[in-house]
$ cat data.txt   # compact mmCIF, C-alpha atoms
# COMPACT_ATOMS: atom_id res chain seq x y z
CA MET S 1 0.00 0.00 0.00
CA LEU S 2 2.66 2.52 1.04
CA ALA S 3 4.98 1.49 -1.80
CA PHE S 4 2.24 2.14 -4.36
CA SER S 5 1.32 5.44 -2.71
CA ASP S 6 4.97 6.53 -2.61
CA ALA S 7 5.29 5.78 -6.32
CA VAL S 8 2.25 7.96 -7.14
CA PHE S 9 3.66 10.84 -5.07
CA ALA S 10 7.08 10.46 -6.69
CA ILE S 11 5.65 10.52 -10.21
CA ALA S 12 3.42 13.53 -9.44
CA ILE S 13 6.31 15.53 -7.97
CA THR S 14 8.54 14.62 -10.93
CA LEU S 15 5.90 15.70 -13.45
CA LEU S 16 5.67 19.10 -11.75
CA THR S 17 9.06 19.99 -13.23
CA LEU S 18 8.09 19.35 -16.86
CA LYS S 19 7.02 22.98 -17.23
CA VAL S 20 10.40 24.14 -15.91
CA ARG S 21 12.27 23.77 -19.20
CA PRO S 22 14.29 26.87 -19.98
CA GLY S 23 15.85 27.52 -23.35
CA LEU S 24 18.76 29.48 -21.95
CA HIS S 25 21.05 30.84 -24.63
CA GLY S 26 22.71 34.08 -25.61
CA ALA S 27 21.07 37.43 -25.02
CA ASP S 28 17.76 35.75 -24.14
CA LEU S 29 19.10 34.41 -20.83
CA THR S 30 17.54 37.10 -18.63
CA ARG S 31 14.23 36.98 -20.48
CA ALA S 32 14.09 33.17 -20.28
CA ILE S 33 14.73 33.19 -16.54
CA HIS S 34 12.10 35.92 -16.09
CA GLN S 35 9.55 33.86 -18.01
CA LEU S 36 10.30 30.83 -15.83
CA LEU S 37 9.46 32.57 -12.55
CA PRO S 38 5.73 31.67 -12.52
CA ALA S 39 6.55 28.02 -13.23
CA LEU S 40 9.20 27.96 -10.52
CA GLY S 41 6.81 29.59 -8.04
CA ALA S 42 4.01 27.13 -8.81
CA TYR S 43 6.46 24.23 -8.53
CA ALA S 44 7.86 25.40 -5.18
CA LEU S 45 4.40 25.93 -3.65
CA SER S 46 3.09 22.62 -4.96
CA PHE S 47 6.19 20.72 -3.82
CA VAL S 48 5.72 22.01 -0.27
CA ILE S 49 2.02 21.05 -0.22
CA LEU S 50 2.61 17.63 -1.77
CA GLY S 51 5.43 17.06 0.71
CA GLN S 52 3.07 17.82 3.61
CA LEU S 53 0.43 15.49 2.17
CA TRP S 54 3.02 12.74 1.76
CA LEU S 55 4.27 13.11 5.34
CA ALA S 56 0.71 13.03 6.69
CA HIS S 57 -0.06 10.01 4.52
CA HIS S 58 2.86 8.10 6.03
CA ARG S 59 1.80 9.03 9.55
CA ILE S 60 -1.75 7.85 8.90
CA PHE S 61 -0.82 4.53 7.33
CA GLY S 62 1.93 4.04 9.89
CA VAL S 63 -0.75 3.19 12.48
CA ILE S 64 -2.81 0.99 10.14
CA ALA S 65 -2.20 -2.76 10.25
CA LEU S 66 -5.08 -3.91 8.03
CA VAL S 67 -7.07 -2.25 5.26
CA ASP S 68 -10.61 -2.95 4.13
CA ASP S 69 -12.49 -1.97 0.99
CA ALA S 70 -13.50 1.43 2.38
CA VAL S 71 -9.91 2.37 3.19
CA LEU S 72 -8.71 1.12 -0.19
CA LEU S 73 -11.37 3.12 -2.04
CA ARG S 74 -10.70 6.36 -0.15
CA ASN S 75 -6.96 5.96 -0.59
CA LEU S 76 -7.40 5.31 -4.30
CA LEU S 77 -9.47 8.48 -4.68
CA PHE S 78 -6.84 10.40 -2.72
CA LEU S 79 -4.03 9.08 -4.94
CA GLY S 80 -6.11 9.95 -8.01
CA LEU S 81 -6.10 13.59 -6.87
CA ILE S 82 -2.35 13.42 -6.24
CA ALA S 83 -1.75 11.97 -9.71
CA ILE S 84 -3.68 14.78 -11.41
CA MET S 85 -1.85 17.56 -9.53
CA PRO S 86 0.53 18.43 -12.42
CA PHE S 87 -2.47 19.65 -14.45
CA PRO S 88 -3.67 22.41 -12.05
CA VAL S 89 -0.03 23.29 -11.33
CA ARG S 90 0.53 23.81 -15.07
CA LEU S 91 -2.62 25.95 -15.22
CA LEU S 92 -1.42 28.07 -12.32
CA SER S 93 2.02 28.63 -13.84
CA ASP S 94 0.57 29.55 -17.26
CA TYR S 95 -2.33 31.68 -15.99
CA THR S 96 -1.10 33.06 -12.68
CA ASN S 97 -3.46 36.05 -12.68
CA ARG S 98 -6.58 34.18 -13.84
CA PRO S 99 -9.11 33.45 -11.04
CA LEU S 100 -10.32 30.26 -12.73
CA ALA S 101 -6.81 28.79 -12.81
CA VAL S 102 -6.32 29.64 -9.13
CA ALA S 103 -9.71 28.10 -8.30
CA ILE S 104 -8.99 24.82 -10.10
CA TYR S 105 -5.60 24.60 -8.40
CA ALA S 106 -7.07 25.31 -4.97
CA VAL S 107 -10.06 22.98 -5.27
CA THR S 108 -7.81 20.06 -6.27
CA PHE S 109 -5.51 20.52 -3.27
CA ILE S 110 -8.35 21.22 -0.84
CA ALA S 111 -10.18 18.07 -1.96
CA ALA S 112 -7.02 16.01 -1.38
CA MET S 113 -6.49 17.54 2.07
CA GLN S 114 -10.10 16.93 3.11
CA LEU S 115 -10.09 13.36 1.83
CA GLN S 116 -6.89 12.64 3.75
CA ARG S 117 -8.48 14.00 6.92
CA LEU S 118 -11.55 11.81 6.39
CA ILE S 119 -9.33 8.74 6.02
CA TRP S 120 -7.68 9.53 9.36
CA LEU S 121 -10.97 10.13 11.16
CA ASP S 122 -12.45 6.94 9.72
CA VAL S 123 -9.65 4.50 10.55
CA THR S 124 -9.18 5.84 14.09
CA ARG S 125 -12.82 5.46 15.13
CA PRO S 126 -13.16 3.21 18.19
CA GLU S 127 -15.30 0.69 16.31
CA ARG S 128 -12.55 0.26 13.69
CA ARG S 129 -9.68 -0.36 16.07
CA ASN S 130 -9.24 -3.81 14.52
CA LEU S 131 -7.55 -2.06 11.58
CA LEU S 132 -4.88 -0.42 13.76
CA ARG S 133 -1.56 -1.69 15.04
CA GLU S 134 -2.58 -0.32 18.43
CA PRO S 135 -5.40 1.96 19.63
CA VAL S 136 -4.92 5.67 18.98
CA PRO S 137 -5.63 7.82 22.07
CA ASP S 138 -8.44 10.32 21.65
CA GLU S 139 -6.14 13.30 22.19
CA ILE S 140 -3.83 12.15 19.38
CA ARG S 141 -6.78 11.44 17.09
CA THR S 142 -8.26 14.88 17.75
CA GLY S 143 -4.92 16.69 17.67
CA PHE S 144 -3.83 15.25 14.32
CA SER S 145 -7.27 15.91 12.84
CA THR S 146 -7.08 19.52 14.04
CA ALA S 147 -3.64 19.92 12.47
CA LEU S 148 -4.92 18.62 9.13
CA ARG S 149 -7.96 20.88 9.31
CA GLY S 150 -5.80 23.87 10.20
CA THR S 151 -3.67 23.37 7.10
CA LEU S 152 -6.81 23.04 5.00
CA LEU S 153 -8.38 26.21 6.43
CA VAL S 154 -5.23 28.30 6.00
CA PHE S 155 -4.86 27.20 2.40
CA GLY S 156 -8.57 27.69 1.72
CA ALA S 157 -8.62 31.15 3.29
CA ALA S 158 -5.73 32.28 1.11
CA VAL S 159 -7.51 31.33 -2.12
CA PRO S 160 -10.13 34.13 -2.24
CA VAL S 161 -7.38 36.65 -1.53
CA GLY S 162 -5.34 35.40 -4.45
CA MET S 163 -8.37 35.28 -6.73
CA PHE S 164 -10.22 38.50 -5.99
CA ALA S 165 -8.08 40.97 -4.01
CA PRO S 166 -6.54 42.64 -7.11
CA GLN S 167 -9.94 43.00 -8.83
CA VAL S 168 -11.67 44.38 -5.72
CA CYS S 169 -8.84 46.80 -5.10
CA GLY S 170 -8.85 48.02 -8.69
CA ALA S 171 -12.63 48.50 -8.65
CA GLY S 172 -12.63 50.36 -5.35
CA VAL S 173 -9.73 52.71 -5.95
CA GLY S 174 -9.58 52.87 -9.70
CA GLY S 175 -5.89 52.12 -9.56
CA HIS S 176 -3.90 49.82 -11.75
CA HIS S 177 -0.41 48.52 -12.24
CA PRO S 178 1.23 50.58 -14.94
CA ALA S 179 2.62 48.87 -17.99
CA PRO S 180 6.41 48.61 -18.12
CA ALA S 181 8.34 51.12 -20.16
CA GLY S 182 8.80 50.10 -23.75
CA GLY S 183 5.57 48.11 -23.90
CA GLY S 184 4.95 44.49 -22.91
CA THR S 185 2.89 42.96 -20.18
CA VAL S 186 3.10 43.31 -16.45
CA HIS S 187 4.50 40.12 -14.92
CA PRO S 188 2.49 38.74 -11.96
CA LEU S 189 5.61 38.25 -9.85
CA GLY S 190 6.66 41.79 -10.67
CA ILE S 191 3.28 42.96 -9.37
CA ALA S 192 3.81 40.93 -6.20
CA ALA S 193 7.20 42.57 -5.62
CA ALA S 194 5.72 46.02 -6.17
CA ASP S 195 2.88 45.21 -3.78
CA ALA S 196 5.35 44.15 -1.10
CA THR S 197 7.20 47.43 -1.48
CA GLN S 198 3.94 49.37 -1.20
CA PHE S 199 2.95 47.43 1.89
CA LEU S 200 6.24 48.26 3.59
CA ARG S 201 5.59 51.93 2.78
CA GLY S 202 2.12 51.77 4.32
CA ALA S 203 0.08 51.73 1.10
CA GLN S 204 -2.55 49.12 0.26
CA PRO S 205 -1.04 46.31 -1.85
CA GLY S 206 -2.27 45.99 -5.41
CA CYS S 207 -3.54 49.59 -5.54
CA ARG S 208 -2.30 52.89 -6.78
CA PRO S 209 -3.50 56.13 -5.21
CA PRO S 210 -5.79 58.17 -7.43
CA PRO S 211 -4.17 61.07 -9.25
CA PRO S 212 -4.57 64.53 -7.61
$ encode --input "data.txt" --output "structure tokens"
Amino acid sequence: MLAFSDAVFAIAITLLTLKVRPGLHGADLTRAIHQLLPALGAYALSFVILGQLWLAHHRIFGVIALVDDAVLLRNLLFLGLIAIMPFPVRLLSDYTNRPLAVAIYAVTFIAAMQLQRLIWLDVTRPERRNLLREPVPDEIRTGFSTALRGTLLVFGAAVPVGMFAPQVCGAGVGGHHPAPAGGGTVHPLGIAAADATQFLRGAQPGCRPPPP
């Protein structure tokens, strides 16, 4: 069970890097690195989340001695979500500033987190102690469930901010991020850096004050 699960996690994490394929040569080096930033950011975030899911998965199945059909089915659904992760990660790296891409990415990860929590709560119920190597104390059962739920809530709460904060700010203030000199598009990570600078100066991130 764990060997199969580990293989699915390993393949999913490996496939995350397929988008990170720079064509670095000559005068285009700086531009190529700049264009890779969204893919690198999406990879780094997804690697951290998948790593946390993998660690939790090992902790959960570390206390399980036997599995029944219900556990197998839930674990298979969970691994199905893990296997499909490269798709929403690719969407996020290609369409960083699109709410739909952020939503698909978030829903996939939130579904995996919630399903993992349900597996833990199910196998540690008193009436299913026959599946465990040894009984799990109630405080450990509750504490681990709370930790999983906390991660889920933090991730879920950050999604609306990433999806709608720039649009709400622009509608309320009428501000916008100016286009770079010489034409071109504004890079999402460039906007994030500018927002951080504004925040440190006491301005509202993502906004520009109205002209006098």
$ closest_residue --input "data.txt" --among "S:Thr30, S:Thr14, S:Gln114, S:Thr108" --to "Tyr43 of chain S" --atoms "only C-alpha atoms"
S:Thr14
$ atom_distance --input "data.txt" --atom1 "atom CA of Pro126 of chain S" --atom2 "atom CA of Gly51 of chain S"
29.0 Å
$ atom_distance --input "data.txt" --atom1 "atom CA of Ala157 of chain S" --atom2 "atom CA of Pro86 of chain S"
22.2 Å
$ axis_aligned_box --input "data.txt" --around "segment 30-45 of chain S" --padding-each-side "8 Å" --output "JSON"
{"center_x": 10.8, "center_y": 30.7, "center_z": -12.1, "size_x": 29.5, "size_y": 28.9, "size_z": 32.8}
$ atom_distance --input "data.txt" --atom1 "atom CA of Leu36 of chain S" --atom2 "atom CA of Asp94 of chain S"
9.9 Å
$ closest_residue --input "data.txt" --among "S:Ala112, S:Val89, S:Ile82, S:Val154" --to "Ala10 of chain S" --atoms "all atoms listed in the file"
S:Ile82
$ decode --input "data.txt" --residues "segment 117-134 of chain S" --atoms "N, CA, C and O atoms" --output "PDB file, in the first residue's frame"
ATOM      1  N   ARG S 117      -7.954  13.847   5.557  1.00  0.00           N
ATOM      2  CA  ARG S 117      -8.478  14.004   6.917  1.00  0.00           C
ATOM      3  C   ARG S 117      -9.603  13.005   7.195  1.00  0.00           C
ATOM      4  O   ARG S 117      -9.687  12.434   8.289  1.00  0.00           O
ATOM      5  N   LEU S 118     -10.464  12.767   6.212  1.00  0.00           N
ATOM      6  CA  LEU S 118     -11.552  11.809   6.390  1.00  0.00           C
ATOM      7  C   LEU S 118     -11.016  10.393   6.568  1.00  0.00           C
ATOM      8  O   LEU S 118     -11.579   9.604   7.338  1.00  0.00           O
ATOM      9  N   ILE S 119      -9.941  10.060   5.846  1.00  0.00           N
ATOM     10  CA  ILE S 119      -9.329   8.738   6.017  1.00  0.00           C
ATOM     11  C   ILE S 119      -8.851   8.568   7.459  1.00  0.00           C
ATOM     12  O   ILE S 119      -9.087   7.541   8.091  1.00  0.00           O
ATOM     13  N   TRP S 120      -8.186   9.600   7.989  1.00  0.00           N
ATOM     14  CA  TRP S 120      -7.684   9.527   9.356  1.00  0.00           C
ATOM     15  C   TRP S 120      -8.826   9.371  10.364  1.00  0.00           C
ATOM     16  O   TRP S 120      -8.774   8.527  11.250  1.00  0.00           O
ATOM     17  N   LEU S 121      -9.852  10.192  10.226  1.00  0.00           N
ATOM     18  CA  LEU S 121     -10.974  10.127  11.159  1.00  0.00           C
ATOM     19  C   LEU S 121     -11.695   8.789  11.076  1.00  0.00           C
ATOM     20  O   LEU S 121     -12.199   8.278  12.087  1.00  0.00           O
ATOM     21  N   ASP S 122     -11.748   8.217   9.894  1.00  0.00           N
ATOM     22  CA  ASP S 122     -12.448   6.942   9.722  1.00  0.00           C
ATOM     23  C   ASP S 122     -11.684   5.792  10.369  1.00  0.00           C
ATOM     24  O   ASP S 122     -12.255   5.020  11.152  1.00  0.00           O
ATOM     25  N   VAL S 123     -10.395   5.666  10.078  1.00  0.00           N
ATOM     26  CA  VAL S 123      -9.651   4.495  10.551  1.00  0.00           C
ATOM     27  C   VAL S 123      -9.371   4.549  12.048  1.00  0.00           C
ATOM     28  O   VAL S 123      -9.058   3.516  12.660  1.00  0.00           O
ATOM     29  N   THR S 124      -9.462   5.727  12.649  1.00  0.00           N
ATOM     30  CA  THR S 124      -9.180   5.840  14.088  1.00  0.00           C
ATOM     31  C   THR S 124     -10.447   5.858  14.937  1.00  0.00           C
ATOM     32  O   THR S 124     -10.373   6.111  16.142  1.00  0.00           O
ATOM     33  N   ARG S 125     -11.601   5.584  14.333  1.00  0.00           N
ATOM     34  CA  ARG S 125     -12.823   5.460  15.126  1.00  0.00           C
ATOM     35  C   ARG S 125     -12.711   4.251  16.043  1.00  0.00           C
ATOM     36  O   ARG S 125     -12.126   3.225  15.657  1.00  0.00           O
ATOM     37  N   PRO S 126     -13.265   4.338  17.251  1.00  0.00           N
ATOM     38  CA  PRO S 126     -13.161   3.206  18.194  1.00  0.00           C
ATOM     39  C   PRO S 126     -13.659   1.888  17.618  1.00  0.00           C
ATOM     40  O   PRO S 126     -13.070   0.835  17.875  1.00  0.00           O
ATOM     41  N   GLU S 127     -14.741   1.936  16.836  1.00  0.00           N
ATOM     42  CA  GLU S 127     -15.299   0.689  16.308  1.00  0.00           C
ATOM     43  C   GLU S 127     -14.450   0.077  15.191  1.00  0.00           C
ATOM     44  O   GLU S 127     -14.734  -1.041  14.735  1.00  0.00           O
ATOM     45  N   ARG S 128     -13.417   0.789  14.750  1.00  0.00           N
ATOM     46  CA  ARG S 128     -12.553   0.261  13.687  1.00  0.00           C
ATOM     47  C   ARG S 128     -11.122   0.036  14.195  1.00  0.00           C
ATOM     48  O   ARG S 128     -10.169   0.028  13.410  1.00  0.00           O
ATOM     49  N   ARG S 129     -11.005  -0.154  15.484  1.00  0.00           N
ATOM     50  CA  ARG S 129      -9.677  -0.363  16.066  1.00  0.00           C
ATOM     51  C   ARG S 129      -9.021  -1.652  15.578  1.00  0.00           C
ATOM     52  O   ARG S 129      -7.807  -1.825  15.730  1.00  0.00           O
ATOM     53  N   ASN S 130      -9.817  -2.569  15.033  1.00  0.00           N
ATOM     54  CA  ASN S 130      -9.238  -3.813  14.520  1.00  0.00           C
ATOM     55  C   ASN S 130      -8.313  -3.574  13.335  1.00  0.00           C
ATOM     56  O   ASN S 130      -7.506  -4.439  12.979  1.00  0.00           O
ATOM     57  N   LEU S 131      -8.414  -2.385  12.716  1.00  0.00           N
ATOM     58  CA  LEU S 131      -7.547  -2.065  11.581  1.00  0.00           C
ATOM     59  C   LEU S 131      -6.190  -1.515  12.021  1.00  0.00           C
ATOM     60  O   LEU S 131      -5.268  -1.431  11.207  1.00  0.00           O
ATOM     61  N   LEU S 132      -6.072  -1.133  13.284  1.00  0.00           N
ATOM     62  CA  LEU S 132      -4.883  -0.424  13.756  1.00  0.00           C
ATOM     63  C   LEU S 132      -3.871  -1.368  14.393  1.00  0.00           C
ATOM     64  O   LEU S 132      -4.228  -2.425  14.927  1.00  0.00           O
ATOM     65  N   ARG S 133      -2.618  -0.949  14.350  1.00  0.00           N
ATOM     66  CA  ARG S 133      -1.562  -1.693  15.036  1.00  0.00           C
ATOM     67  C   ARG S 133      -1.801  -1.656  16.548  1.00  0.00           C
ATOM     68  O   ARG S 133      -1.566  -2.643  17.242  1.00  0.00           O
ATOM     69  N   GLU S 134      -2.218  -0.501  17.024  1.00  0.00           N
ATOM     70  CA  GLU S 134      -2.575  -0.324  18.426  1.00  0.00           C
ATOM     71  C   GLU S 134      -3.556   0.835  18.511  1.00  0.00           C
ATOM     72  O   GLU S 134      -3.584   1.704  17.631  1.00  0.00           O
TER      73      GLU S 134
END
